[in-house]
$ cat structure_36.tsv   # TSV, C-alpha atoms
chain	number	residue	atom	x	y	z
A	16	MET	CA	0.00	0.00	0.00
A	17	THR	CA	1.32	3.42	-0.93
A	18	ILE	CA	1.07	6.05	1.79
A	19	ALA	CA	0.68	9.58	0.43
A	20	LEU	CA	2.09	11.86	3.12
A	21	GLY	CA	0.47	15.24	3.39
A	22	PRO	CA	-2.93	15.73	5.09
A	23	GLY	CA	-1.96	13.92	8.30
A	24	ALA	CA	1.35	15.77	8.42
A	25	ILE	CA	-0.50	19.06	8.02
A	26	VAL	CA	-2.66	18.14	11.03
A	27	ALA	CA	0.42	17.28	13.08
A	28	ALA	CA	2.13	20.50	11.98
A	29	ALA	CA	-0.97	22.50	12.89
A	30	PHE	CA	-1.24	21.20	16.45
A	31	ILE	CA	2.51	21.22	17.11
A	32	GLY	CA	2.63	24.97	17.49
A	33	PRO	CA	4.07	27.29	20.13
A	34	GLY	CA	1.05	26.45	22.28
A	35	THR	CA	2.05	22.78	22.34
A	36	ILE	CA	5.64	23.58	23.30
A	37	ALA	CA	4.63	26.19	25.90
A	38	THR	CA	1.95	23.95	27.44
A	39	ALA	CA	4.07	20.79	27.55
A	40	ALA	CA	6.98	22.77	28.99
A	41	ALA	CA	4.73	24.38	31.62
A	42	ALA	CA	3.34	20.96	32.56
A	43	GLY	CA	6.84	19.52	32.88
A	44	ALA	CA	8.05	22.46	34.95
A	45	SER	CA	5.17	22.36	37.43
A	46	SER	CA	4.12	18.69	37.51
A	47	GLY	CA	6.99	16.69	36.02
A	48	ILE	CA	5.82	13.78	33.89
A	49	ALA	CA	2.67	13.29	36.00
A	50	LEU	CA	0.53	14.41	33.07
A	51	LEU	CA	2.02	12.20	30.37
A	52	TRP	CA	-1.26	10.30	30.42
A	53	ALA	CA	-3.04	13.46	29.25
A	54	ILE	CA	-0.86	13.50	26.13
A	55	LEU	CA	-1.71	9.85	25.45
A	56	LEU	CA	-5.40	10.62	25.91
A	57	SER	CA	-5.10	13.62	23.59
A	58	VAL	CA	-3.46	11.58	20.83
A	59	ILE	CA	-6.11	8.84	21.07
A	60	ALA	CA	-8.91	11.42	20.98
A	61	THR	CA	-7.26	13.17	18.02
A	62	LEU	CA	-7.00	9.93	16.05
A	63	ILE	CA	-10.64	9.05	16.75
A	64	LEU	CA	-12.08	12.45	15.84
A	65	GLN	CA	-9.85	13.02	12.81
A	66	GLU	CA	-10.87	9.61	11.44
A	67	LEU	CA	-14.53	10.58	11.72
A	68	SER	CA	-13.88	13.84	9.91
A	69	VAL	CA	-11.86	12.30	7.08
A	70	ARG	CA	-14.24	9.34	6.59
A	71	SER	CA	-17.23	11.69	6.40
A	72	ALA	CA	-15.50	13.92	3.84
A	73	LEU	CA	-14.22	11.07	1.64
A	74	ALA	CA	-17.49	9.13	1.76
A	75	THR	CA	-19.53	12.15	0.63
A	76	ASN	CA	-16.87	14.01	-1.37
A	77	ARG	CA	-17.84	17.10	0.62
A	78	ASP	CA	-15.88	19.28	3.02
A	79	LEU	CA	-16.84	18.96	6.69
A	80	ALA	CA	-18.10	22.56	6.75
A	81	ALA	CA	-20.38	21.83	3.79
A	82	LEU	CA	-21.74	18.75	5.57
A	83	ILE	CA	-22.51	20.81	8.66
A	84	ARG	CA	-24.32	23.36	6.50
A	85	LEU	CA	-26.38	20.54	4.93
A	86	LEU	CA	-27.11	19.18	8.40
A	87	GLY	CA	-28.73	22.43	9.46
A	88	GLU	CA	-30.38	23.21	6.13
A	89	ARG	CA	-34.08	24.09	6.51
A	90	LYS	CA	-33.86	23.46	10.27
A	91	TRP	CA	-34.78	26.11	12.84
A	92	TRP	CA	-31.43	25.59	14.55
A	93	GLY	CA	-29.38	25.72	11.34
A	94	GLY	CA	-28.46	29.38	11.75
A	95	ALA	CA	-27.31	28.90	15.34
A	96	LEU	CA	-25.21	25.92	14.27
A	97	SER	CA	-23.46	27.96	11.60
A	98	ILE	CA	-22.77	30.80	14.02
A	99	LEU	CA	-21.31	28.34	16.53
A	100	VAL	CA	-18.91	26.91	13.96
A	101	LEU	CA	-17.97	30.37	12.69
A	102	CYS	CA	-17.16	31.57	16.21
A	103	ALA	CA	-15.24	28.44	17.18
A	104	ILE	CA	-13.17	28.27	14.00
A	105	GLY	CA	-13.14	31.65	12.27
A	106	VAL	CA	-12.82	33.93	15.28
A	107	GLY	CA	-10.85	31.38	17.31
A	108	ASN	CA	-8.22	30.92	14.62
A	109	ALA	CA	-7.59	34.65	14.49
A	110	ALA	CA	-6.83	34.59	18.22
A	111	TYR	CA	-4.57	31.53	18.00
A	112	GLN	CA	-2.73	33.00	15.05
A	113	SER	CA	-1.16	35.66	17.25
A	114	GLY	CA	0.38	32.90	19.38
A	115	ASN	CA	1.67	31.10	16.29
A	116	LEU	CA	3.40	34.19	14.96
A	117	SER	CA	4.69	35.21	18.39
A	118	GLY	CA	6.18	31.76	18.89
A	119	ALA	CA	7.95	31.94	15.53
A	120	GLY	CA	9.28	35.38	16.40
A	121	LEU	CA	10.41	34.37	19.86
A	122	GLY	CA	12.21	31.29	18.55
A	123	LEU	CA	14.17	32.86	15.70
A	124	SER	CA	14.97	36.11	17.55
A	125	ALA	CA	16.46	34.03	20.36
A	126	ALA	CA	18.62	31.97	17.99
A	127	LEU	CA	19.68	34.80	15.68
A	128	PRO	CA	20.32	38.55	16.13
A	129	VAL	CA	17.06	39.40	14.41
A	130	HIS	CA	14.41	41.68	15.91
A	131	PHE	CA	11.24	39.93	17.08
A	132	ALA	CA	8.92	42.14	15.02
A	133	TYR	CA	10.88	41.52	11.81
A	134	VAL	CA	10.54	37.74	12.23
A	135	VAL	CA	6.80	38.03	12.87
A	136	ILE	CA	6.32	40.17	9.78
A	137	ALA	CA	8.50	37.87	7.65
A	138	ALA	CA	6.60	34.77	8.80
A	139	SER	CA	3.33	36.51	7.96
A	140	MET	CA	4.62	37.36	4.48
A	141	VAL	CA	5.61	33.73	3.87
A	142	ALA	CA	2.17	32.52	4.91
A	143	ALA	CA	0.44	35.21	2.83
A	144	SER	CA	2.52	34.30	-0.23
A	145	LEU	CA	1.55	30.63	-0.01
A	146	ILE	CA	-2.13	31.59	0.34
A	147	LEU	CA	-2.09	34.05	-2.56
A	148	LEU	CA	-0.07	31.82	-4.89
A	149	ASP	CA	-2.01	28.65	-3.96
A	150	ARG	CA	1.11	26.56	-3.47
A	151	TYR	CA	-0.73	23.71	-1.79
A	152	ARG	CA	1.78	21.00	-2.73
A	153	VAL	CA	4.66	23.22	-1.67
A	154	LEU	CA	2.85	23.76	1.63
A	155	GLU	CA	2.56	20.02	2.20
A	156	ARG	CA	6.26	19.40	1.55
A	157	VAL	CA	7.35	22.30	3.75
A	158	LEU	CA	5.18	21.19	6.65
A	159	VAL	CA	6.31	17.57	6.41
A	160	VAL	CA	9.98	18.61	6.52
A	161	LEU	CA	9.47	21.04	9.41
A	162	VAL	CA	7.48	18.53	11.45
A	163	VAL	CA	10.19	15.90	11.06
A	164	LEU	CA	12.91	18.41	12.00
A	165	MET	CA	10.98	19.51	15.09
A	166	ALA	CA	10.45	15.91	16.14
A	167	CYS	CA	14.14	15.11	15.74
A	168	LEU	CA	15.15	18.18	17.76
A	169	PHE	CA	12.96	17.57	20.78
A	170	ILE	CA	13.08	13.77	20.79
A	171	GLY	CA	16.89	13.99	20.61
A	172	LEU	CA	16.93	16.36	23.59
A	173	ALA	CA	14.59	14.02	25.50
A	174	VAL	CA	16.91	11.05	24.91
A	175	VAL	CA	19.83	13.07	26.30
A	176	CYS	CA	17.74	13.87	29.40
A	177	LEU	CA	16.55	10.31	30.05
A	178	PRO	CA	19.28	9.32	32.57
A	179	GLU	CA	18.39	12.28	34.80
A	180	LEU	CA	14.68	11.63	34.34
A	181	PHE	CA	15.01	8.04	35.56
A	182	ALA	CA	16.89	9.27	38.64
A	183	MET	CA	13.98	11.52	39.62
A	184	GLN	CA	10.86	10.52	41.56
A	185	HIS	CA	7.55	10.95	39.78
A	186	GLU	CA	3.86	10.74	40.55
A	187	PHE	CA	0.99	10.24	38.14
A	188	SER	CA	-2.00	11.79	39.86
A	189	LEU	CA	-4.14	14.91	40.05
A	190	VAL	CA	-3.88	15.21	43.83
A	191	ARG	CA	-1.13	17.80	43.94
A	192	ASP	CA	-2.35	21.29	42.99
A	193	SER	CA	-5.40	19.81	41.27
A	194	SER	CA	-6.73	23.17	40.01
A	195	ASN	CA	-3.50	23.94	38.17
A	196	ASN	CA	-3.33	20.38	36.88
A	197	LEU	CA	-6.86	20.64	35.47
A	198	THR	CA	-5.85	23.76	33.57
A	199	LEU	CA	-2.78	22.01	32.18
A	200	ILE	CA	-4.74	18.86	31.31
A	201	LEU	CA	-7.31	20.92	29.40
A	202	ALA	CA	-4.50	22.87	27.75
A	203	LEU	CA	-2.69	19.68	26.67
A	204	ILE	CA	-5.94	18.36	25.21
A	205	GLY	CA	-6.80	21.70	23.63
A	206	THR	CA	-3.42	22.06	21.97
A	207	THR	CA	-3.59	18.56	20.47
A	208	VAL	CA	-7.26	17.99	19.66
A	209	VAL	CA	-7.74	21.21	17.70
A	210	PRO	CA	-11.25	21.84	16.27
A	211	TYR	CA	-10.02	23.57	13.12
A	212	ASN	CA	-7.89	20.52	12.34
A	213	LEU	CA	-11.08	18.53	11.83
A	214	PHE	CA	-12.03	20.85	8.98
A	215	LEU	CA	-8.46	21.19	7.68
A	216	HIS	CA	-7.89	17.44	7.55
A	217	ALA	CA	-11.23	16.70	5.88
A	218	THR	CA	-10.64	19.14	3.03
A	219	ALA	CA	-6.96	18.25	2.59
A	220	ALA	CA	-7.71	14.50	2.49
A	221	ARG	CA	-10.61	14.93	0.06
A	222	ARG	CA	-8.34	16.80	-2.34
A	223	ARG	CA	-5.36	14.48	-1.90
A	224	TRP	CA	-7.31	11.28	-2.58
A	225	ALA	CA	-9.57	12.65	-5.30
A	226	GLY	CA	-10.07	9.97	-7.98
A	227	VAL	CA	-8.90	7.12	-5.71
A	228	SER	CA	-11.37	4.35	-4.86
A	229	LEU	CA	-13.14	5.09	-1.58
A	230	PRO	CA	-11.99	1.99	0.37
A	231	GLN	CA	-8.37	2.60	-0.63
A	232	ALA	CA	-8.59	6.32	0.11
A	233	ILE	CA	-9.98	5.78	3.61
A	234	ARG	CA	-7.43	3.05	4.35
A	235	GLU	CA	-4.46	5.16	3.23
A	236	ALA	CA	-5.78	8.28	4.99
A	237	ARG	CA	-6.13	6.39	8.28
A	238	THR	CA	-2.61	4.95	8.08
A	239	GLU	CA	-0.98	8.23	7.11
A	240	ALA	CA	-2.82	10.17	9.82
A	241	THR	CA	-1.96	7.60	12.50
A	242	LEU	CA	1.76	7.84	11.73
A	243	ALA	CA	1.86	11.64	11.61
A	244	ILE	CA	-0.34	12.29	14.66
A	245	THR	CA	1.47	9.68	16.75
A	246	LEU	CA	4.77	11.36	15.87
A	247	GLY	CA	3.28	14.66	17.02
A	248	GLY	CA	2.25	13.08	20.33
A	249	VAL	CA	5.72	11.62	20.87
A	250	MET	CA	7.24	15.05	20.26
A	251	THR	CA	4.87	16.66	22.77
A	252	ALA	CA	5.84	14.05	25.35
A	253	ALA	CA	9.51	14.73	24.57
A	254	VAL	CA	9.06	18.43	25.35
A	255	MET	CA	7.47	17.54	28.69
A	256	VAL	CA	10.33	15.18	29.53
A	257	VAL	CA	12.97	17.78	28.71
A	258	ALA	CA	11.16	20.47	30.72
A	259	THR	CA	10.83	18.09	33.67
A	260	VAL	CA	14.59	17.62	33.79
A	261	VAL	CA	15.90	21.09	32.95
A	262	LEU	CA	13.32	23.16	34.89
A	263	GLN	CA	12.71	20.73	37.80
A	264	GLY	CA	9.73	22.31	39.49
A	265	ASP	CA	10.55	25.88	38.49
A	266	GLY	CA	7.12	27.10	37.42
A	267	GLU	CA	7.61	30.85	37.79
A	268	GLY	CA	8.16	33.34	34.96
A	269	ALA	CA	7.90	33.12	31.18
A	270	THR	CA	8.01	29.39	30.39
A	271	LEU	CA	9.42	29.54	26.87
A	272	ALA	CA	12.23	31.96	27.78
A	273	ARG	CA	13.23	29.90	30.84
A	274	PHE	CA	13.04	26.71	28.79
A	275	MET	CA	15.50	28.02	26.19
A	276	THR	CA	17.84	29.43	28.85
A	277	ALA	CA	17.87	26.18	30.83
A	278	ILE	CA	18.69	24.06	27.78
A	279	ASP	CA	21.37	26.52	26.65
A	280	GLN	CA	23.03	26.17	30.06
A	281	ARG	CA	23.30	22.43	29.51
A	282	LEU	CA	24.21	22.64	25.83
A	283	PRO	CA	26.16	25.93	25.58
A	284	GLY	CA	25.75	27.50	22.16
A	285	ALA	CA	23.42	24.74	20.96
A	286	GLY	CA	20.44	24.86	23.31
A	287	THR	CA	19.06	28.16	22.09
A	288	TRP	CA	19.54	27.07	18.48
A	289	ALA	CA	17.75	23.77	19.12
A	290	VAL	CA	14.75	25.13	21.02
A	291	GLY	CA	14.65	28.42	19.12
A	292	GLY	CA	14.73	26.62	15.79
A	293	GLY	CA	12.05	24.18	16.89
A	294	LEU	CA	9.87	26.99	18.20
A	295	PHE	CA	10.24	28.93	14.95
A	296	ALA	CA	9.31	25.86	12.90
A	297	ALA	CA	6.33	25.16	15.19
A	298	GLY	CA	5.09	28.73	14.90
A	299	LEU	CA	5.57	28.93	11.14
A	300	THR	CA	3.78	25.66	10.37
A	301	SER	CA	0.78	26.57	12.53
A	302	ALA	CA	0.77	30.12	11.16
A	303	ILE	CA	0.42	28.69	7.66
A	304	ALA	CA	-2.16	26.04	8.51
A	305	ALA	CA	-4.52	28.11	10.67
A	306	PRO	CA	-5.54	30.73	8.05
A	307	ILE	CA	-6.04	28.04	5.41
A	308	ALA	CA	-8.23	26.01	7.79
A	309	ALA	CA	-10.23	29.14	8.65
A	310	GLY	CA	-10.69	29.92	4.94
A	311	TRP	CA	-11.97	26.44	4.12
A	312	THR	CA	-14.24	26.32	7.17
A	313	VAL	CA	-15.81	29.78	7.01
A	314	CYS	CA	-16.37	29.57	3.25
A	315	GLY	CA	-17.85	26.09	3.55
A	316	VAL	CA	-20.26	27.07	6.31
A	317	MET	CA	-21.33	30.21	4.45
A	318	GLY	CA	-21.77	28.36	1.16
A	319	TRP	CA	-19.00	30.32	-0.55
A	320	SER	CA	-16.39	28.80	-2.85
A	321	THR	CA	-13.65	26.95	-0.98
A	322	ASP	CA	-11.34	27.00	-3.98
A	323	ALA	CA	-7.96	28.39	-2.97
A	324	GLN	CA	-8.11	30.82	-5.90
A	325	SER	CA	-11.49	32.27	-4.93
A	326	GLN	CA	-11.72	35.78	-3.54
A	327	SER	CA	-13.81	34.63	-0.58
A	328	PHE	CA	-11.22	32.06	0.51
A	329	LYS	CA	-8.34	34.48	0.23
A	330	ALA	CA	-10.26	37.22	2.03
A	331	VAL	CA	-11.01	34.99	5.04
A	332	ALA	CA	-7.53	33.46	5.22
A	333	LEU	CA	-5.73	36.80	4.89
A	334	SER	CA	-8.06	38.40	7.46
A	335	VAL	CA	-7.16	35.73	10.01
A	336	LEU	CA	-3.50	36.19	9.17
A	337	GLY	CA	-3.74	39.98	9.46
A	338	ILE	CA	-5.54	39.94	12.82
A	339	GLY	CA	-2.98	37.48	14.17
A	340	LEU	CA	-0.14	39.72	12.96
A	341	VAL	CA	-1.57	42.79	14.71
A	342	PHE	CA	-2.00	41.03	18.05
A	343	ALA	CA	1.39	39.31	17.78
A	344	LEU	CA	3.06	42.71	17.45
A	345	LEU	CA	1.02	44.15	20.32
A	346	ILE	CA	1.49	41.16	22.66
A	347	PRO	CA	4.95	39.74	21.81
A	348	ARG	CA	5.33	37.28	24.74
A	349	PRO	CA	1.91	35.68	25.33
A	350	ASP	CA	3.01	32.58	27.32
A	351	ALA	CA	0.06	32.64	29.72
A	352	LEU	CA	-2.31	33.69	26.94
A	353	ILE	CA	-1.24	30.72	24.80
A	354	VAL	CA	-1.92	28.19	27.58
A	355	SER	CA	-5.26	29.83	28.44
A	356	ALA	CA	-6.29	29.77	24.77
A	357	GLN	CA	-5.57	26.04	24.59
A	358	ALA	CA	-7.62	25.39	27.72
A	359	THR	CA	-10.52	27.41	26.29
A	360	ASN	CA	-10.18	25.41	23.09
A	361	ALA	CA	-10.65	22.19	25.06
A	362	VAL	CA	-13.80	23.58	26.68
A	363	LEU	CA	-15.29	24.35	23.24
A	364	LEU	CA	-14.14	21.04	21.77
A	365	PRO	CA	-17.07	18.91	23.09
A	366	LEU	CA	-19.49	21.08	21.09
A	367	ILE	CA	-17.59	20.62	17.82
A	368	ALA	CA	-17.04	16.91	18.52
A	369	THR	CA	-20.77	16.43	19.15
A	370	ILE	CA	-21.60	18.09	15.83
A	371	LEU	CA	-19.06	15.82	14.11
A	372	LEU	CA	-20.66	12.76	15.73
A	373	ILE	CA	-24.07	13.80	14.42
A	374	VAL	CA	-22.59	14.28	10.93
A	375	ALA	CA	-21.00	10.82	11.02
A	376	ASN	CA	-24.42	9.29	11.74
A	377	SER	CA	-26.43	11.41	9.31
A	378	GLU	CA	-28.18	10.29	6.15
A	379	HIS	CA	-25.75	12.37	4.10
A	380	LEU	CA	-23.21	9.54	4.46
A	381	PRO	CA	-23.68	6.25	2.61
A	382	ALA	CA	-25.01	3.66	5.08
A	383	HIS	CA	-21.84	1.55	4.94
A	384	TYR	CA	-19.67	4.48	6.07
A	385	ARG	CA	-21.81	5.76	8.91
A	386	ASN	CA	-20.77	5.17	12.49
A	387	ARG	CA	-21.44	1.82	14.07
A	388	ARG	CA	-22.64	1.41	17.65
A	389	LEU	CA	-19.15	0.75	19.01
A	390	GLN	CA	-17.74	3.81	17.23
A	391	ASN	CA	-20.51	5.98	18.65
A	392	GLY	CA	-19.78	4.66	22.12
A	393	VAL	CA	-16.07	5.44	21.85
A	394	VAL	CA	-16.65	8.96	20.53
A	395	ALA	CA	-19.34	9.62	23.15
A	396	SER	CA	-16.91	8.49	25.87
A	397	VAL	CA	-14.28	10.94	24.62
A	398	ILE	CA	-16.83	13.76	24.59
A	399	LEU	CA	-18.07	12.84	28.07
A	400	LEU	CA	-14.53	12.86	29.46
A	401	LEU	CA	-13.89	16.29	27.97
A	402	VAL	CA	-17.12	17.58	29.50
A	403	ILE	CA	-16.19	16.18	32.93
A	404	LEU	CA	-12.75	17.82	32.81
A	405	SER	CA	-14.25	21.12	31.67
A	406	LEU	CA	-16.88	21.07	34.43
A	407	GLY	CA	-14.20	20.16	36.97
A	408	LYS	CA	-12.20	23.22	35.96
A	409	MET	CA	-15.26	25.48	36.20
A	410	VAL	CA	-16.07	24.14	39.68
A	411	SER	CA	-12.49	24.73	40.82
A	412	LEU	CA	-12.68	28.34	39.60
A	413	LEU	CA	-15.95	28.95	41.49
A	414	ALA	CA	-14.81	27.23	44.68
$ encode --input "structure_36.tsv" --output "structure tokens"
Amino acid sequence: MTIALGPGAIVAAAFIGPGTIATAAAAGASSGIALLWAILLSVIATLILQELSVRSALATNRDLAALIRLLGERKWWGGALSILVLCAIGVGNAAYQSGNLSGAGLGLSAALPVHFAYVVIAASMVAASLILLDRYRVLERVLVVLVVLMACLFIGLAVVCLPELFAMQHEFSLVRDSSNNLTLILALIGTTVVPYNLFLHATAARRRWAGVSLPQAIREARTEATLAITLGGVMTAAVMVVATVVLQGDGEGATLARFMTAIDQRLPGAGTWAVGGGLFAAGLTSAIAAPIAAGWTVCGVMGWSTDAQSQSFKAVALSVLGIGLVFALLIPRPDALIVSAQATNAVLLPLIATILLIVANSEHLPAHYRNRRLQNGVVASVILLLVILSLGKMVSLLA
């Protein structure tokens, strides 16, 4: 079987952004490797939900946003459903984009004598060029290369840190500082199981496997996504391991800056390059993927053309990019904002996941490709767990 790399790698590149690095590093600094299980849970949930999204898109030859629009067509709640998706994806992506660009700027400006603002502007220009020129295949290749480089950087650092990690004592519970742990758990889930990735993956897979027989397309899409997303999860775990060793309970101050400084102290001259380069790659890949996902989603929900050459697609994508650029320049070091945004993302995720579950059971899918009872049970369990964690966090805030 031939595996066509691309859509799954784009998903991995999109969720391995500055938010992933900042959140995993913050978790390692404050809780050690106690929350590794949350990363495993996040990867499993990502694989389950992304499979639903891709199967629905391939089986109907429609983008996920278009399926959601069909779901609410001629229904009294159709308008509310569209507004919900637009707010969660369109507006949300504009907010996350500032963190993507800030992370890219922070990483490269730390590794090279380049001003933060110049890096942010340059990264925005690269993303805008790819959107305007419709270099979709170039985008895939770039993201695949950057994801692999990031994985090698952080997994290599984790291997170096393993002897010290094994010498440390660890606990795997939520007992210690449970309120903070709940925030970090939600943030780890929110930075991995990203709602806009559901729309991004569906459209990218539908275009990649156009003309391929449906059984083969679904089989190859599942395999490719499993490999890429699992690699992303391993890299996230590697960041947590490294932060556990080099920060050792130091949870005060700007996480990303302390993380780079701590590694540079252990690897003089190389630490800043390694983490800075990885952070730049993480920010750039997410900064490219987020506007494209927003363009596909918003246009699909509104019934506009999702073609990359259409004016509507470019207008939405460039708007998201522009808003992110403005906020990145105004708030250049949003460590706490990034983690909070990921936690908020996890709170909104059950709503999007529930909509996806309804789509996967709807009459718009051929009967053979709709969800079976076991699949519904698994997805419902994931949604229920997310709801419980979200409610737990709300209770802790009100207590």
$ atom_distance --input "structure_36.tsv" --atom1 "CA of Leu401 (chain A)" --atom2 "CA of Ser46 (chain A)"
20.5 Å
$ closest_residue --input "structure_36.tsv" --among "A:Leu177, A:Ala40, A:Ile200, A:Ala29" --to "Asn108 (chain A)" --atoms "all atoms listed in the file"
A:Ala29
$ closest_atom_pairs --input "structure_36.tsv" --of "region 90-182 of chain A" --to "region 78-86 of chain A" --cutoff "12 Å" --atoms "all atoms listed in the file" --output "tab-separated table"
residue	atom	partner	partner_atom	distance
A:Lys90	CA	A:Leu86	CA	8.2
A:Trp91	CA	A:Leu86	CA	11.3
A:Trp92	CA	A:Leu86	CA	9.9
A:Gly93	CA	A:Arg84	CA	7.4
A:Gly94	CA	A:Arg84	CA	9.0
A:Ala95	CA	A:Arg84	CA	10.9
A:Leu96	CA	A:Ile83	CA	8.1
A:Ser97	CA	A:Arg84	CA	6.9
A:Ile98	CA	A:Arg84	CA	10.7
A:Leu99	CA	A:Ile83	CA	11.0
A:Val100	CA	A:Ala80	CA	8.5
A:Leu101	CA	A:Ala80	CA	9.8
A:Ile104	CA	A:Ala80	CA	10.5
A:Gly105	CA	A:Ala80	CA	11.7
$ closest_residue --input "structure_36.tsv" --among "A:Ala269, A:Ile278, A:Ile233, A:Ala119" --to "Leu172 (chain A)" --atoms "all atoms listed in the file"
A:Ile278
$ closest_residue --input "structure_36.tsv" --among "A:Gly337, A:Pro365, A:Gly310, A:Pro178" --to "Val256 (chain A)" --atoms "all atoms listed in the file"
A:Pro178
$ atom_distance --input "structure_36.tsv" --atom1 "CA of Ser45 (chain A)" --atom2 "CA of Ala243 (chain A)"
28.2 Å
$ closest_residue --input "structure_36.tsv" --among "A:Gly43, A:Gly292, A:Leu333, A:Gly21" --to "Met140 (chain A)" --atoms "all atoms listed in the file"
A:Leu333
$ atom_distance --input "structure_36.tsv" --atom1 "CA of Ala24 (chain A)" --atom2 "CA of Leu242 (chain A)"
8.6 Å
$ residues_around --input "structure_36.tsv" --residues "region 121-134 of chain A" --least-positions-apart "5" --cutoff "8 Å" --atoms "only C-alpha atoms" --output "list of chain:residue names"
A:Thr287, A:Trp288, A:Val290, A:Gly291, A:Gly292, A:Gly293, A:Leu294, A:Phe295, A:Leu344, A:Pro347, A:Arg348
$ residues_near_point --input "structure_36.tsv" --point "(-22.9, 4.5, 11.7)" --cutoff "8 Å" --atoms "only C-alpha atoms" --output "MDAnalysis selection string"
chainID A and resid 375:376 382:388 390:391
$ closest_residue --input "structure_36.tsv" --among "A:Pro306, A:Gly171, A:Ala143, A:Gly284" --to "Gly107 (chain A)" --atoms "all atoms listed in the file"
A:Pro306
$ closest_residue --input "structure_36.tsv" --among "A:Leu299, A:Ala304, A:Ala343, A:Ala277" --to "Met165 (chain A)" --atoms "only C-alpha atoms"
A:Leu299
$ residues_around --input "structure_36.tsv" --residues "Ala41 (chain A)" --least-positions-apart "5" --cutoff "8 Å" --atoms "only C-alpha atoms" --output "count of residues only"
5
$ residues_around --input "structure_36.tsv" --residues "Ala395 (chain A)" --least-positions-apart "5" --cutoff "12 Å" --atoms "only C-alpha atoms" --output "PDB file with C-alpha atoms, in the frame of the given file"
ATOM      1  CA  ALA A  60      -8.910  11.420  20.980  1.00  0.00           C
ATOM      2  CA  ILE A  63     -10.640   9.050  16.750  1.00  0.00           C
ATOM      3  CA  LEU A  64     -12.080  12.450  15.840  1.00  0.00           C
ATOM      4  CA  PRO A 365     -17.070  18.910  23.090  1.00  0.00           C
ATOM      5  CA  LEU A 366     -19.490  21.080  21.090  1.00  0.00           C
ATOM      6  CA  ALA A 368     -17.040  16.910  18.520  1.00  0.00           C
ATOM      7  CA  THR A 369     -20.770  16.430  19.150  1.00  0.00           C
ATOM      8  CA  ILE A 370     -21.600  18.090  15.830  1.00  0.00           C
ATOM      9  CA  LEU A 371     -19.060  15.820  14.110  1.00  0.00           C
ATOM     10  CA  LEU A 372     -20.660  12.760  15.730  1.00  0.00           C
ATOM     11  CA  ILE A 373     -24.070  13.800  14.420  1.00  0.00           C
ATOM     12  CA  ASN A 386     -20.770   5.170  12.490  1.00  0.00           C
ATOM     13  CA  ARG A 388     -22.640   1.410  17.650  1.00  0.00           C
ATOM     14  CA  LEU A 389     -19.150   0.750  19.010  1.00  0.00           C
ATOM     15  CA  GLN A 390     -17.740   3.810  17.230  1.00  0.00           C
ATOM     16  CA  LEU A 400     -14.530  12.860  29.460  1.00  0.00           C
ATOM     17  CA  LEU A 401     -13.890  16.290  27.970  1.00  0.00           C
ATOM     18  CA  VAL A 402     -17.120  17.580  29.500  1.00  0.00           C
TER      19      VAL A 402
END
$ residues_around --input "structure_36.tsv" --residues "Leu246 (chain A)" --least-positions-apart "4" --cutoff "10 Å" --atoms "only C-alpha atoms" --output "NGL selection string"
:A and (24 or 27 or 58 or 162-163 or 166 or 170 or 240-242 or 250-252)
$ build_atoms --input "structure_36.tsv" --residues "region 294-303 of chain A" --atoms "N, CA and C atoms" --output "PDB file, in the coordinates of the input"
ATOM      1  N   LEU A 294      10.977  26.083  17.942  1.00  0.00           N
ATOM      2  CA  LEU A 294       9.870  26.990  18.200  1.00  0.00           C
ATOM      3  C   LEU A 294       9.492  27.782  16.947  1.00  0.00           C
ATOM      4  N   PHE A 295      10.504  28.206  16.199  1.00  0.00           N
ATOM      5  CA  PHE A 295      10.240  28.930  14.950  1.00  0.00           C
ATOM      6  C   PHE A 295       9.505  28.031  13.956  1.00  0.00           C
ATOM      7  N   ALA A 296       9.969  26.793  13.818  1.00  0.00           N
ATOM      8  CA  ALA A 296       9.310  25.860  12.900  1.00  0.00           C
ATOM      9  C   ALA A 296       7.879  25.583  13.347  1.00  0.00           C
ATOM     10  N   ALA A 297       7.671  25.413  14.664  1.00  0.00           N
ATOM     11  CA  ALA A 297       6.330  25.160  15.190  1.00  0.00           C
ATOM     12  C   ALA A 297       5.402  26.334  14.901  1.00  0.00           C
ATOM     13  N   GLY A 298       5.908  27.548  15.139  1.00  0.00           N
ATOM     14  CA  GLY A 298       5.090  28.730  14.900  1.00  0.00           C
ATOM     15  C   GLY A 298       4.778  28.924  13.435  1.00  0.00           C
ATOM     16  N   LEU A 299       5.764  28.710  12.572  1.00  0.00           N
ATOM     17  CA  LEU A 299       5.570  28.930  11.140  1.00  0.00           C
ATOM     18  C   LEU A 299       4.578  27.930  10.552  1.00  0.00           C
ATOM     19  N   THR A 300       4.695  26.662  10.916  1.00  0.00           N
ATOM     20  CA  THR A 300       3.780  25.660  10.370  1.00  0.00           C
ATOM     21  C   THR A 300       2.341  25.933  10.790  1.00  0.00           C
ATOM     22  N   SER A 301       2.137  26.265  12.062  1.00  0.00           N
ATOM     23  CA  SER A 301       0.780  26.570  12.530  1.00  0.00           C
ATOM     24  C   SER A 301       0.265  27.864  11.940  1.00  0.00           C
ATOM     25  N   ALA A 302       1.172  28.836  11.736  1.00  0.00           N
ATOM     26  CA  ALA A 302       0.770  30.120  11.160  1.00  0.00           C
ATOM     27  C   ALA A 302       0.332  29.972   9.711  1.00  0.00           C
ATOM     28  N   ILE A 303       0.842  28.968   9.032  1.00  0.00           N
ATOM     29  CA  ILE A 303       0.420  28.690   7.660  1.00  0.00           C
ATOM     30  C   ILE A 303      -0.884  27.908   7.640  1.00  0.00           C
TER      31      ILE A 303
END
